[in-house]
file data.cif (mmCIF, C-alpha atoms and all ligand atoms)
data_input
loop_
_atom_site.label_atom_id
_atom_site.label_comp_id
_atom_site.auth_asym_id
_atom_site.auth_seq_id
_atom_site.Cartn_x
_atom_site.Cartn_y
_atom_site.Cartn_z
CA MET A 100 111.74 74.31 96.66
CA PRO A 101 108.72 75.70 94.72
CA LYS A 102 107.16 78.91 95.99
CA LYS A 103 104.50 78.29 98.65
CA LYS A 104 101.05 79.43 97.59
CA ILE A 105 98.44 80.52 100.11
CA LEU A 106 94.81 81.39 99.30
CA MET A 107 92.41 83.41 101.46
CA VAL A 108 88.69 82.80 100.87
CA CYS A 109 85.49 84.59 101.89
CA LEU A 110 82.05 85.03 100.32
CA GLY A 111 82.36 88.12 98.13
CA ASN A 112 86.17 88.48 97.97
CA ILE A 113 85.80 92.21 98.53
CA CYS A 114 85.83 92.70 102.34
CA ARG A 115 87.57 90.06 104.50
CA SER A 116 89.77 87.90 102.27
CA PRO A 117 91.33 90.89 100.45
CA LEU A 118 92.39 92.23 103.87
CA ALA A 119 93.85 88.84 104.79
CA GLU A 120 95.61 88.64 101.40
CA GLY A 121 97.17 92.10 101.64
CA ILE A 122 98.20 91.80 105.28
CA VAL A 123 99.73 88.32 104.99
CA ARG A 124 101.50 89.31 101.75
CA GLN A 125 103.13 92.27 103.45
CA LEU A 126 104.02 90.42 106.66
CA ALA A 127 105.52 87.54 104.65
CA ALA A 128 107.54 89.92 102.49
CA ASP A 129 108.75 91.76 105.61
CA ALA A 130 109.87 88.39 107.01
CA GLY A 131 111.76 87.62 103.79
CA LEU A 132 109.43 84.77 102.84
CA ASN A 133 109.02 84.09 99.13
CA TRP A 134 105.32 83.19 99.34
CA GLU A 135 102.58 83.84 96.82
CA ILE A 136 99.35 85.07 98.40
CA ALA A 137 95.98 85.34 96.67
CA SER A 138 92.30 85.50 97.59
CA ALA A 139 88.97 84.38 96.12
CA GLY A 140 85.26 84.38 96.90
CA THR A 141 82.82 81.49 96.96
CA GLY A 142 80.33 83.89 95.32
CA ASN A 143 80.94 85.42 91.89
CA TRP A 144 79.10 88.77 92.14
CA HIS A 145 82.19 90.95 92.43
CA VAL A 146 84.63 89.22 90.06
CA GLY A 147 87.11 91.70 88.58
CA GLN A 148 86.23 94.44 91.06
CA PRO A 149 88.57 96.07 93.56
CA ALA A 150 88.03 95.45 97.26
CA ASP A 151 85.23 97.30 99.04
CA LYS A 152 86.16 100.97 99.59
CA ARG A 153 85.85 100.46 103.35
CA SER A 154 88.38 97.61 103.34
CA ILE A 155 90.76 99.63 101.16
CA ALA A 156 90.43 102.59 103.54
CA VAL A 157 90.93 100.69 106.79
CA ALA A 158 93.91 98.83 105.33
CA LYS A 159 95.44 102.12 104.16
CA SER A 160 94.96 103.68 107.60
CA TYR A 161 97.15 100.91 109.07
CA GLY A 162 99.77 101.05 106.31
CA TYR A 163 98.65 98.33 103.90
CA ASP A 164 97.83 98.95 100.23
CA ILE A 165 95.17 96.53 98.95
CA SER A 166 93.88 98.85 96.21
CA LYS A 167 95.35 96.88 93.30
CA GLN A 168 93.82 93.53 94.23
CA ARG A 169 90.86 92.27 92.15
CA ALA A 170 88.14 89.82 93.13
CA GLN A 171 88.09 86.34 91.67
CA HIS A 172 85.73 83.40 92.02
CA PHE A 173 86.91 80.35 93.94
CA ASN A 174 87.11 77.25 91.73
CA SER A 175 88.01 73.63 92.32
CA SER A 176 91.38 73.86 90.53
CA MET A 177 92.50 76.14 93.36
CA LEU A 178 92.37 73.10 95.65
CA ASP A 179 95.32 71.69 93.68
CA GLU A 180 97.06 74.98 92.88
CA PHE A 181 97.44 76.23 96.48
CA ASP A 182 99.35 74.70 99.41
CA GLN A 183 97.11 76.21 102.08
CA ILE A 184 93.56 77.56 101.83
CA LEU A 185 92.32 79.69 104.72
CA VAL A 186 88.62 80.49 104.88
CA MET A 187 86.96 83.27 106.85
CA ASP A 188 83.89 81.46 108.17
CA LYS A 189 82.18 78.10 108.44
CA ASN A 190 79.93 78.74 105.42
CA ASN A 191 83.06 79.30 103.33
CA LEU A 192 84.50 76.09 104.82
CA ARG A 193 81.42 74.10 103.80
CA ASP A 194 81.37 75.61 100.28
CA VAL A 195 85.08 75.06 99.64
CA LEU A 196 85.05 71.51 101.05
CA SER A 197 82.01 70.67 98.90
CA LEU A 198 84.30 71.01 95.86
CA ALA A 199 87.12 68.88 97.29
CA GLU A 200 87.59 65.46 95.73
CA ASN A 201 90.30 63.88 97.88
CA ASP A 202 92.01 64.08 101.25
CA ASP A 203 95.05 65.89 99.82
CA GLN A 204 92.73 68.74 98.89
CA ARG A 205 90.67 68.59 102.10
CA LYS A 206 93.67 68.76 104.39
CA LYS A 207 94.79 72.08 102.85
CA VAL A 208 91.60 73.83 103.97
CA SER A 209 91.11 75.41 107.40
CA LEU A 210 89.50 78.35 109.15
CA PHE A 211 91.65 81.50 109.16
CA LEU A 212 91.00 82.04 112.88
CA SER A 213 91.97 79.46 115.42
CA GLU A 214 89.47 77.95 117.86
CA ASN A 215 86.73 77.39 115.32
CA LEU A 216 85.81 81.09 115.16
CA ASP A 217 84.42 82.98 112.17
CA VAL A 218 85.71 86.34 110.92
CA THR A 219 82.50 88.42 111.06
CA ASP A 220 81.26 89.58 107.67
CA PRO A 221 81.39 93.41 107.85
CA TYR A 222 79.60 94.04 104.53
CA PHE A 223 76.36 95.40 106.02
CA ASP A 224 77.89 97.40 108.89
CA ASP A 225 80.47 100.17 108.39
CA GLN A 226 81.41 100.00 112.08
CA LEU A 227 82.73 96.46 111.71
CA PHE A 228 85.58 97.21 109.32
CA ASP A 229 87.99 98.44 111.98
CA PRO A 230 87.49 95.52 114.41
CA VAL A 231 87.54 93.04 111.52
CA PHE A 232 90.83 94.54 110.35
CA GLN A 233 92.26 94.18 113.89
CA THR A 234 91.11 90.57 114.15
CA ILE A 235 92.64 89.70 110.78
CA GLU A 236 95.94 91.50 111.44
CA ASP A 237 96.36 89.92 114.90
CA ARG A 238 95.74 86.46 113.51
CA ALA A 239 97.88 87.10 110.41
CA LYS A 240 100.96 87.73 112.56
CA LYS A 241 100.61 84.37 114.32
CA LEU A 242 99.60 82.61 111.13
CA VAL A 243 102.77 83.63 109.31
CA GLU A 244 104.81 82.06 112.14
CA GLU A 245 102.69 78.88 112.05
CA LEU A 246 102.86 78.56 108.27
CA LYS A 247 106.63 79.08 108.29
CA VAL A 248 106.87 75.90 110.37
CA LYS A 249 104.12 73.99 108.56
CA LEU A 250 105.03 74.77 104.95
CA GLY A 251 108.79 75.03 105.45
P1 LIG B 301 83.17 89.39 102.09
O1 LIG B 301 81.86 90.27 102.34
O2 LIG B 301 82.70 87.94 101.96
O3 LIG B 301 83.99 89.59 103.32
O4 LIG B 301 83.80 89.91 100.83
C1 LIG B 301 80.78 90.26 101.45
C2 LIG B 301 80.83 91.05 100.33
C3 LIG B 301 79.76 91.07 99.45
C4 LIG B 301 78.66 90.29 99.70
C5 LIG B 301 78.62 89.49 100.83
C6 LIG B 301 79.69 89.47 101.71
N1 LIG B 301 77.55 90.31 98.82
O5 LIG B 301 76.53 89.69 99.14
O6 LIG B 301 77.66 90.94 97.75
#

call {"tool": "encode", "arguments": {"input": "data.cif", "output": "structure tokens", "more": "lines below"}}
Ligand code: 4NP
result
Amino acid sequence: MPKKKILMVCLGNICRSPLAEGIVRQLAADAGLNWEIASAGTGNWHVGQPADKRSIAVAKSYGYDISKQRAQHFNSSMLDEFDQILVMDKNNLRDVLSLAENDDQRKKVSLFLSENLDVTDPYFDDQLFDPVFQTIEDRAKKLVEELKVKLG
């Protein structure tokens, strides 16, 4: 069975999706799952940069090291490369789906949170990093269980 590949997507790939990447990678490894986790942004402004200092700090405070991750730009080949693509908000969903060319690609893409909710973009508000971390970590725990069943 080839390694399952999961991609987290947000706008800048420096605040939300790097948190989701680092948390899911660690939870999957802790659960003994041989998954490959990555993240990307629909915007290209931060390509090659580390995550936002505030995301690195909040992750570190809860025991996750995301300091070595680097931002990359989402591209249409990722719709074939990954088995599951989880996006942080509905703008990301629209932008990613706009690049999809077939139903195989479209069906891989879903919102990271259940119930049609967005992960709030914390970029312009320092106070949001802690609650955003909590939201992502809570969901990540359930998501790993769901993806274990879905992806096998
Ligand atoms: P992210 O947050 O999508 O969670 O990484 C943002 C980071 C940077 C920008 C916007 C959102 N920006 O406009 O540079």

call {"tool": "atom_distance", "arguments": {"input": "data.cif", "atom1": "atom CA of A:Glu200", "atom2": "atom CA of A:Arg115"}}
result
26.1 Å

call {"tool": "residues_around", "arguments": {"input": "data.cif", "residues": "A:Leu216", "least_positions_apart": "6", "cutoff": "10 Å", "atoms": "all atoms listed in the file", "output": "ChimeraX atom specification"}}
result
/A:187-189,210

call {"tool": "residues_near_ligand", "arguments": {"input": "data.cif", "ligand": "ligand LIG 301 (chain B)", "cutoff": "12 Å", "atoms": "all atoms listed in the file", "output": "PyMOL selection string"}}
result
chain A and resi 107-120+138-146+148-155+169-173+186-191+217-225+227-228+231-232+235

call {"tool": "write_last_selection", "arguments": {"input": "data.cif", "atoms": "C-alpha atoms", "output": "mmCIF file, in the coordinates of the input"}}
result
data_model
loop_
_atom_site.group_PDB
_atom_site.id
_atom_site.type_symbol
_atom_site.label_atom_id
_atom_site.label_comp_id
_atom_site.auth_asym_id
_atom_site.auth_seq_id
_atom_site.Cartn_x
_atom_site.Cartn_y
_atom_site.Cartn_z
ATOM 1 C CA MET A 107 92.410 83.410 101.460
ATOM 2 C CA VAL A 108 88.690 82.800 100.870
ATOM 3 C CA CYS A 109 85.490 84.590 101.890
ATOM 4 C CA LEU A 110 82.050 85.030 100.320
ATOM 5 C CA GLY A 111 82.360 88.120 98.130
ATOM 6 C CA ASN A 112 86.170 88.480 97.970
ATOM 7 C CA ILE A 113 85.800 92.210 98.530
ATOM 8 C CA CYS A 114 85.830 92.700 102.340
ATOM 9 C CA ARG A 115 87.570 90.060 104.500
ATOM 10 C CA SER A 116 89.770 87.900 102.270
ATOM 11 C CA PRO A 117 91.330 90.890 100.450
ATOM 12 C CA LEU A 118 92.390 92.230 103.870
ATOM 13 C CA ALA A 119 93.850 88.840 104.790
ATOM 14 C CA GLU A 120 95.610 88.640 101.400
ATOM 15 C CA SER A 138 92.300 85.500 97.590
ATOM 16 C CA ALA A 139 88.970 84.380 96.120
ATOM 17 C CA GLY A 140 85.260 84.380 96.900
ATOM 18 C CA THR A 141 82.820 81.490 96.960
ATOM 19 C CA GLY A 142 80.330 83.890 95.320
ATOM 20 C CA ASN A 143 80.940 85.420 91.890
ATOM 21 C CA TRP A 144 79.100 88.770 92.140
ATOM 22 C CA HIS A 145 82.190 90.950 92.430
ATOM 23 C CA VAL A 146 84.630 89.220 90.060
ATOM 24 C CA GLN A 148 86.230 94.440 91.060
ATOM 25 C CA PRO A 149 88.570 96.070 93.560
ATOM 26 C CA ALA A 150 88.030 95.450 97.260
ATOM 27 C CA ASP A 151 85.230 97.300 99.040
ATOM 28 C CA LYS A 152 86.160 100.970 99.590
ATOM 29 C CA ARG A 153 85.850 100.460 103.350
ATOM 30 C CA SER A 154 88.380 97.610 103.340
ATOM 31 C CA ILE A 155 90.760 99.630 101.160
ATOM 32 C CA ARG A 169 90.860 92.270 92.150
ATOM 33 C CA ALA A 170 88.140 89.820 93.130
ATOM 34 C CA GLN A 171 88.090 86.340 91.670
ATOM 35 C CA HIS A 172 85.730 83.400 92.020
ATOM 36 C CA PHE A 173 86.910 80.350 93.940
ATOM 37 C CA VAL A 186 88.620 80.490 104.880
ATOM 38 C CA MET A 187 86.960 83.270 106.850
ATOM 39 C CA ASP A 188 83.890 81.460 108.170
ATOM 40 C CA LYS A 189 82.180 78.100 108.440
ATOM 41 C CA ASN A 190 79.930 78.740 105.420
ATOM 42 C CA ASN A 191 83.060 79.300 103.330
ATOM 43 C CA ASP A 217 84.420 82.980 112.170
ATOM 44 C CA VAL A 218 85.710 86.340 110.920
ATOM 45 C CA THR A 219 82.500 88.420 111.060
ATOM 46 C CA ASP A 220 81.260 89.580 107.670
ATOM 47 C CA PRO A 221 81.390 93.410 107.850
ATOM 48 C CA TYR A 222 79.600 94.040 104.530
ATOM 49 C CA PHE A 223 76.360 95.400 106.020
ATOM 50 C CA ASP A 224 77.890 97.400 108.890
ATOM 51 C CA ASP A 225 80.470 100.170 108.390
ATOM 52 C CA LEU A 227 82.730 96.460 111.710
ATOM 53 C CA PHE A 228 85.580 97.210 109.320
ATOM 54 C CA VAL A 231 87.540 93.040 111.520
ATOM 55 C CA PHE A 232 90.830 94.540 110.350
ATOM 56 C CA ILE A 235 92.640 89.700 110.780
#

call {"tool": "atom_distance", "arguments": {"input": "data.cif", "atom1": "atom CA of A:Glu236", "atom2": "atom CA of A:Ser160"}}
result
12.8 Å

call {"tool": "atom_distance", "arguments": {"input": "data.cif", "atom1": "atom CA of A:Ile184", "atom2": "atom CA of A:Ala156"}}
result
25.3 Å

call {"tool": "closest_residue", "arguments": {"input": "data.cif", "among": "A:Pro230, A:Gln183, A:Leu178, A:Asp194", "to": "A:Lys249", "atoms": "only C-alpha atoms"}}
result
A:Gln183

call {"tool": "closest_residue", "arguments": {"input": "data.cif", "among": "A:Ser175, A:Glu135, A:Phe211, A:Val123", "to": "A:Lys103", "atoms": "all atoms listed in the file"}}
result
A:Glu135

call {"tool": "closest_residue", "arguments": {"input": "data.cif", "among": "A:Asp164, A:Asp202, A:Asp237, A:Glu180", "to": "A:Gln125", "atoms": "all atoms listed in the file"}}
result
A:Asp164

call {"tool": "residues_near_point", "arguments": {"input": "data.cif", "point": "(98.8, 97.5, 105.1)", "cutoff": "9 Å", "atoms": "all atoms listed in the file", "output": "PyMOL selection string"}}
result
chain A and resi 118+121-122+125-126+157-165

call {"tool": "write_last_selection", "arguments": {"input": "data.cif", "atoms": "C-alpha atoms", "output": "PDB file, keeping the file's coordinate frame"}}
result
ATOM      1  CA  LEU A 118      92.390  92.230 103.870  1.00  0.00           C
ATOM      2  CA  GLY A 121      97.170  92.100 101.640  1.00  0.00           C
ATOM      3  CA  ILE A 122      98.200  91.800 105.280  1.00  0.00           C
ATOM      4  CA  GLN A 125     103.130  92.270 103.450  1.00  0.00           C
ATOM      5  CA  LEU A 126     104.020  90.420 106.660  1.00  0.00           C
ATOM      6  CA  VAL A 157      90.930 100.690 106.790  1.00  0.00           C
ATOM      7  CA  ALA A 158      93.910  98.830 105.330  1.00  0.00           C
ATOM      8  CA  LYS A 159      95.440 102.120 104.160  1.00  0.00           C
ATOM      9  CA  SER A 160      94.960 103.680 107.600  1.00  0.00           C
ATOM     10  CA  TYR A 161      97.150 100.910 109.070  1.00  0.00           C
ATOM     11  CA  GLY A 162      99.770 101.050 106.310  1.00  0.00           C
ATOM     12  CA  TYR A 163      98.650  98.330 103.900  1.00  0.00           C
ATOM     13  CA  ASP A 164      97.830  98.950 100.230  1.00  0.00           C
ATOM     14  CA  ILE A 165      95.170  96.530  98.950  1.00  0.00           C
TER      15      ILE A 165
END

call {"tool": "closest_residue", "arguments": {"input": "data.cif", "among": "A:Ile105, A:Leu198, A:Gln168, A:Gly147", "to": "A:Ala127", "atoms": "all atoms listed in the file"}}
result
A:Ile105
